[in-house]
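work_25.pdb (PDB, C-alpha atoms)
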```
ATOM      1  CA  MET A   1      16.760 241.827 129.362
ATOM      2  CA  ARG A   2      15.594 238.983 131.506
ATOM      3  CA  ASN A   3      17.797 236.010 130.641
ATOM      4  CA  ASP A   4      17.087 236.446 126.948
ATOM      5  CA  PRO A   5      19.385 234.296 124.833
ATOM      6  CA  ASP A   6      19.082 236.929 122.095
ATOM      7  CA  THR A   7      20.840 239.690 124.037
ATOM      8  CA  ALA A   8      23.849 239.624 121.708
ATOM      9  CA  LEU A   9      21.575 239.797 118.647
ATOM     10  CA  VAL A  10      19.715 242.812 120.060
ATOM     11  CA  THR A  11      23.001 244.570 120.848
ATOM     12  CA  ALA A  12      24.334 243.845 117.367
ATOM     13  CA  LEU A  13      21.153 245.169 115.733
ATOM     14  CA  GLN A  14      21.133 248.284 117.906
ATOM     15  CA  ASN A  15      24.798 248.936 117.076
ATOM     16  CA  GLY A  16      24.200 248.440 113.341
ATOM     17  CA  ALA A  17      26.434 245.389 112.929
ATOM     18  CA  PRO A  18      26.428 244.412 109.223
ATOM     19  CA  ASP A  19      25.729 240.720 109.871
ATOM     20  CA  ALA A  20      22.953 241.334 112.428
ATOM     21  CA  PRO A  21      19.999 241.490 109.963
ATOM     22  CA  GLU A  22      21.032 238.131 108.491
ATOM     23  CA  ALA A  23      21.249 236.635 111.994
ATOM     24  CA  LEU A  24      17.778 238.020 112.776
ATOM     25  CA  TYR A  25      16.433 236.520 109.554
ATOM     26  CA  THR A  26      17.989 233.136 110.261
ATOM     27  CA  ARG A  27      16.804 233.055 113.871
ATOM     28  CA  PHE A  28      13.190 234.242 113.451
ATOM     29  CA  ARG A  29      12.029 233.921 109.846
ATOM     30  CA  ALA A  30      10.442 230.469 110.192
ATOM     31  CA  LYS A  31       8.570 231.390 113.394
ATOM     32  CA  ILE A  32       7.280 234.642 111.914
ATOM     33  CA  MET A  33       6.259 232.865 108.701
ATOM     34  CA  ALA A  34       4.371 230.152 110.617
ATOM     35  CA  GLN A  35       2.529 232.758 112.659
ATOM     36  CA  ALA A  36       1.748 234.796 109.538
ATOM     37  CA  MET A  37       0.386 231.693 107.765
ATOM     38  CA  ARG A  38      -2.011 231.084 110.635
ATOM     39  CA  TYR A  39      -3.370 234.604 110.337
ATOM     40  CA  LEU A  40      -3.383 235.117 106.583
ATOM     41  CA  ARG A  41      -3.750 231.543 105.289
ATOM     42  CA  ASN A  42      -1.888 232.378 102.093
ATOM     43  CA  ALA A  43       1.786 231.670 101.421
ATOM     44  CA  GLU A  44       2.509 234.817  99.383
ATOM     45  CA  ASP A  45       0.790 237.133 101.873
ATOM     46  CA  ALA A  46       2.523 235.396 104.775
ATOM     47  CA  GLU A  47       5.928 235.792 103.112
ATOM     48  CA  GLU A  48       5.213 239.477 102.500
ATOM     49  CA  LEU A  49       4.118 239.931 106.112
ATOM     50  CA  THR A  50       7.263 238.126 107.293
ATOM     51  CA  GLN A  51       9.433 240.560 105.347
ATOM     52  CA  ASP A  52       7.441 243.525 106.695
ATOM     53  CA  VAL A  53       7.878 242.301 110.258
ATOM     54  CA  LEU A  54      11.626 241.740 109.854
ATOM     55  CA  PHE A  55      12.036 245.254 108.434
ATOM     56  CA  LYS A  56       9.970 246.720 111.274
ATOM     57  CA  VAL A  57      12.087 244.896 113.839
ATOM     58  CA  ILE A  58      15.294 246.247 112.299
ATOM     59  CA  ARG A  59      13.850 249.752 111.971
ATOM     60  CA  LYS A  60      12.412 249.822 115.512
ATOM     61  CA  ILE A  61      15.067 247.842 117.412
ATOM     62  CA  HIS A  62      16.047 251.027 119.238
ATOM     63  CA  CYS A  63      12.552 250.926 120.853
ATOM     64  CA  PHE A  64      13.249 247.487 122.333
ATOM     65  CA  HIS A  65      14.376 247.994 125.921
ATOM     66  CA  GLY A  66      14.468 244.389 127.100
ATOM     67  CA  ASP A  67      11.337 244.483 129.262
ATOM     68  CA  SER A  68      10.380 241.187 127.627
ATOM     69  CA  LYS A  69      12.087 238.576 125.507
ATOM     70  CA  LEU A  70      12.981 239.525 121.961
ATOM     71  CA  SER A  71      10.802 236.686 120.670
ATOM     72  CA  SER A  72       7.781 238.071 122.573
ATOM     73  CA  TRP A  73       8.390 241.527 121.142
ATOM     74  CA  ILE A  74       8.649 240.089 117.611
ATOM     75  CA  PHE A  75       5.502 238.021 118.220
ATOM     76  CA  ARG A  76       3.639 241.197 119.163
ATOM     77  CA  ILE A  77       4.857 243.015 116.039
ATOM     78  CA  THR A  78       3.819 240.045 113.902
ATOM     79  CA  PHE A  79       0.410 239.905 115.582
ATOM     80  CA  THR A  80      -0.353 243.612 115.220
ATOM     81  CA  THR A  81       0.932 243.730 111.636
ATOM     82  CA  GLY A  82      -1.051 240.602 110.714
ATOM     83  CA  MET A  83      -4.243 241.810 112.367
ATOM     84  CA  GLY A  84      -3.838 245.177 110.658
ATOM     85  CA  ARG A  85      -3.532 243.436 107.320
ATOM     86  CA  LEU A  86      -6.636 241.336 108.057
ATOM     87  CA  ARG A  87      -8.642 244.419 109.046
ATOM     88  CA  LYS A  88      -7.531 246.131 105.854
ATOM     89  CA  CYS A  89      -8.642 243.141 103.787
ATOM     90  CA  ARG A  90     -11.962 242.904 105.591
ATOM     91  CA  SER A  91     -12.636 246.607 105.159
ATOM     92  CA  LYS A  92     -12.331 246.136 101.417
ATOM     93  CA  GLN A  93     -14.679 243.133 101.742
ATOM     94  CA  SER A  94     -11.915 240.889 100.547
ATOM     95  CA  ARG A  95     -12.095 237.356 101.736
ATOM     96  CA  LEU A  96      -9.137 235.413 102.992
ATOM     97  CA  ILE A  97      -7.642 232.958 100.571
ATOM     98  CA  GLU A  98      -7.439 229.419 101.928
ATOM     99  CA  TYR A  99      -4.368 227.275 101.774
ATOM    100  CA  ASN A 100      -3.317 227.019  98.160
ATOM    101  CA  SER A 101      -1.532 224.203  96.409
ATOM    102  CA  ASP A 102       1.889 225.699  97.280
ATOM    103  CA  VAL A 103       1.157 225.311 100.982
ATOM    104  CA  ALA A 104      -0.166 221.787 100.428
ATOM    105  CA  ASP A 105       3.119 220.954  98.667
ATOM    106  CA  ILE A 106       5.109 222.354 101.592
ATOM    107  CA  VAL A 107       3.047 220.297 104.065
ATOM    108  CA  GLN A 108       3.422 217.184 101.938
ATOM    109  CA  ASP A 109       7.190 217.638 101.645
ATOM    110  CA  LYS A 110       7.454 218.070 105.419
ATOM    111  CA  MET A 111       5.449 214.905 106.037
ATOM    112  CA  LEU A 112       7.447 212.840 103.555
ATOM    113  CA  VAL A 113      10.553 213.656 105.540
ATOM    114  CA  THR A 114       8.998 212.589 108.843
ATOM    115  CA  THR A 115       6.957 209.539 107.784
ATOM    116  CA  GLY A 116       7.506 206.422 105.786
ATOM    117  CA  THR A 117       4.503 204.989 103.999
ATOM    118  CA  PRO A 118       2.163 206.744 101.576
ATOM    119  CA  GLU A 119      -0.741 205.731 103.844
ATOM    120  CA  ASP A 120       0.882 207.588 106.743
ATOM    121  CA  VAL A 121       1.351 210.648 104.568
ATOM    122  CA  LEU A 122      -2.265 210.563 103.405
ATOM    123  CA  TYR A 123      -3.543 210.099 106.952
ATOM    124  CA  LEU A 124      -1.423 213.005 108.233
ATOM    125  CA  MET A 125      -2.539 215.251 105.380
ATOM    126  CA  GLU A 126      -6.203 214.469 106.078
ATOM    127  CA  LEU A 127      -5.693 214.955 109.794
ATOM    128  CA  GLU A 128      -3.930 218.288 109.302
ATOM    129  CA  HIS A 129      -6.702 219.407 106.951
ATOM    130  CA  CYS A 130      -9.362 218.492 109.532
ATOM    131  CA  ILE A 131      -7.481 220.258 112.324
ATOM    132  CA  ASN A 132      -6.930 223.410 110.245
ATOM    133  CA  LYS A 133     -10.586 223.414 109.229
ATOM    134  CA  ALA A 134     -11.680 223.052 112.861
ATOM    135  CA  VAL A 135      -9.299 225.780 114.047
ATOM    136  CA  ASN A 136     -10.525 228.119 111.316
ATOM    137  CA  LYS A 137     -14.119 227.598 112.497
ATOM    138  CA  LEU A 138     -13.265 228.912 115.964
ATOM    139  CA  PRO A 139     -14.223 232.485 116.838
ATOM    140  CA  ASP A 140     -11.255 234.833 116.313
ATOM    141  CA  ASP A 141     -10.437 235.244 120.014
ATOM    142  CA  MET A 142     -10.360 231.479 120.635
ATOM    143  CA  ARG A 143      -8.492 230.790 117.375
ATOM    144  CA  VAL A 144      -5.746 233.245 118.296
ATOM    145  CA  ALA A 145      -5.538 231.751 121.821
ATOM    146  CA  VAL A 146      -5.106 228.218 120.437
ATOM    147  CA  GLN A 147      -2.525 229.391 117.908
ATOM    148  CA  VAL A 148      -0.395 231.310 120.402
ATOM    149  CA  ALA A 149      -0.528 228.440 122.902
ATOM    150  CA  GLU A 150       2.299 226.718 121.071
ATOM    151  CA  PHE A 151       4.653 229.478 122.205
ATOM    152  CA  GLY A 152       4.230 228.040 125.706
ATOM    153  CA  ASP A 153       4.484 231.206 127.770
ATOM    154  CA  VAL A 154       0.861 232.197 128.437
ATOM    155  CA  LYS A 155       1.759 235.311 130.419
ATOM    156  CA  ALA A 156       4.106 236.661 127.733
ATOM    157  CA  SER A 157       1.617 235.818 124.975
ATOM    158  CA  ALA A 158      -1.210 237.504 126.887
ATOM    159  CA  LYS A 159       0.943 240.585 127.408
ATOM    160  CA  ALA A 160       1.794 240.633 123.712
ATOM    161  CA  LEU A 161      -1.927 240.414 122.875
ATOM    162  CA  GLY A 162      -2.752 243.131 125.375
ATOM    163  CA  ILE A 163      -5.046 240.969 127.520
ATOM    164  CA  ARG A 164      -4.837 239.413 130.990
ATOM    165  CA  HIS A 165      -3.257 235.965 131.106
ATOM    166  CA  GLN A 166      -6.394 234.578 132.808
ATOM    167  CA  THR A 167      -8.419 235.779 129.827
ATOM    168  CA  LEU A 168      -6.042 234.026 127.433
ATOM    169  CA  LYS A 169      -6.175 230.832 129.498
ATOM    170  CA  SER A 170      -9.986 230.944 129.489
ATOM    171  CA  ARG A 171     -10.105 231.436 125.713
ATOM    172  CA  LEU A 172      -7.584 228.649 125.266
ATOM    173  CA  TYR A 173      -9.645 226.291 127.431
ATOM    174  CA  ARG A 174     -12.868 227.081 125.551
ATOM    175  CA  GLY A 175     -11.106 226.842 122.181
ATOM    176  CA  ARG A 176      -9.550 223.465 122.971
ATOM    177  CA  LYS A 177     -12.881 222.186 124.281
ATOM    178  CA  GLN A 178     -14.599 223.238 121.072
ATOM    179  CA  LEU A 179     -11.800 221.648 119.007
ATOM    180  CA  ARG A 180     -12.109 218.356 120.906
ATOM    181  CA  ALA A 181     -15.844 218.283 120.191
ATOM    182  CA  GLU A 182     -15.310 219.174 116.538
ATOM    183  CA  LEU A 183     -12.554 216.568 116.047
ATOM    184  CA  ALA A 184     -14.116 213.766 118.128
ATOM    185  CA  GLU A 185     -15.242 211.867 115.028
ATOM    186  CA  VAL A 186     -11.897 212.191 113.259
ATOM    187  CA  LEU A 187      -9.723 211.216 116.216
TER
END
```
Please render this file's structure as structure tokens.
Amino acid sequence: MRNDPDTALVTALQNGAPDAPEALYTRFRAKIMAQAMRYLRNAEDAEELTQDVLFKVIRKIHCFHGDSKLSSWIFRITFTTGMGRLRKCRSKQSRLIEYNSDVADIVQDKMLVTTGTPEDVLYLMELEHCINKAVNKLPDDMRVAVQVAEFGDVKASAKALGIRHQTLKSRLYRGRKQLRAELAEVL
């Protein structure tokens, strides 16, 4: 494992340490949930996907050989599981459910903690709504590129997606350009 801070966690999971699943949950649940929300756009489905991913990680930890960071490996599992779920929904001609009131409550609670005035909260809620709407309008390949960009490591993200890092950078550039044009009036 290349300087992965999660080496001890991987070893504990592979050795079946009783407290290892809880440590995995604590360390990665929020990141997996955030990624799942971006794909599924529904809090219940995202929570279910998060649980599925955590179980898969525990079940398949013996397959992890440290060629990449644990977080990259988990990202890839989350991506493939989420995309599989989306394909399954699309094949049944189900449409994705947009953010529901539970998610809006979560966003509002988060903003109340970080801002002071009700005007600030309202502005941030409107801004987040506009950004989410603009991101959701992007073609799938650009939307995924913009969403994975927050992980910072383009090469690892590209590898996890199974594409060249130049391809991911190109999609990210085009996606950001389209977002800037879409959000020009709002910002």
Box time for segment 143-150 of chain A: axis-aligned, enclosing all its listed atoms, 3 Å extra on each side; report centre and edge lengths in Å to one decimal, as AutoDock Vina command-line options.
```
--center_x -3.1 --center_y 230.0 --center_z 120.1 --size_x 16.8 --size_y 12.5 --size_z 11.5
```
| field | Among listed residues A:Thr26, A:Gln14, A:Gln166, A:Ser157, nearest Arg76 of chain A (using all atoms listed in the file) | value |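 Checking each candidate against Arg76 of chain A, we get A:Ser157 as the closest.
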| message | Counting only C-alpha atoms, which residue out of A:Asp52, A:Asp153, A:Glu128, A:Asp19 sits closest to Met33 of chain A? | response | A:Asp52
| said: Excluding Ala184 of chain A and its own-chain neighbours fewer than 3 positions away, which residues fall within 12 Å of it when counting all atoms listed in the file? Please give them as a ChimeraX atom specification. | reply: /A:127,130-131,134,176-181,187
| Near Leu9 of chain A, counting all atoms listed in the file, which residues have an atom at most 8 Å away, once you skip same-chain residues fewer than 4 positions from it, shown as a list in words? |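 With the cut-off at 8 Å, the set is Leu13, Ala20, Ala23 and Leu24 of chain A.
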| request: Between A:His129, A:Arg38, A:Arg87, A:Arg59, single out the one closest to Val144 of chain A, counting only C-alpha atoms. | output: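 So, comparing all the options, the nearest one is A:Arg38.
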| message | Taking the file as I've supplied it (selection: the PyMOL selection byres ((chain A and resi 81) around 12)), which residues are included? Please answer as a PyMOL selection string. | response | chain A and resi 32+35-36+39-40+45-46+48-57+74-80+82-88
| request: Just give me the gap between atom CA of His62 of chain A and atom CA of Ala17 of chain A in Å, one decimal is fine. | output: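 Spanning atom CA of His62 of chain A to atom CA of Ala17 of chain A is a straight-line distance of 13.4 Å.
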| Nearest candidate to Val135 of chain A (options A:Ser170, A:Gly175, A:Lys155, A:Arg164; using only C-alpha atoms) |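 With only C-alpha atoms as the atom set, the closest residue is A:Gly175.
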| query | How many Å separate atom CA of Val154 of chain A from atom CA of Leu172 of chain A? | reply |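 Atom CA of Leu172 of chain A lies 9.7 Å from atom CA of Val154 of chain A.
Between atom CA of Met142 of chain A and atom CA of Arg171 of chain A the interatomic distance comes to 5.1 Å.
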| field | Expansion of the PyMOL selection byres ((chain A and resi 70) around 9) into residues, as a list in words | value | Met1, Asp4, Pro5, Asp6, Thr7, Val10, Phe64, Gly66, Asp67, Ser68, Lys69, Ser71, Ser72, Trp73, Ile74 and Phe75 of chain A
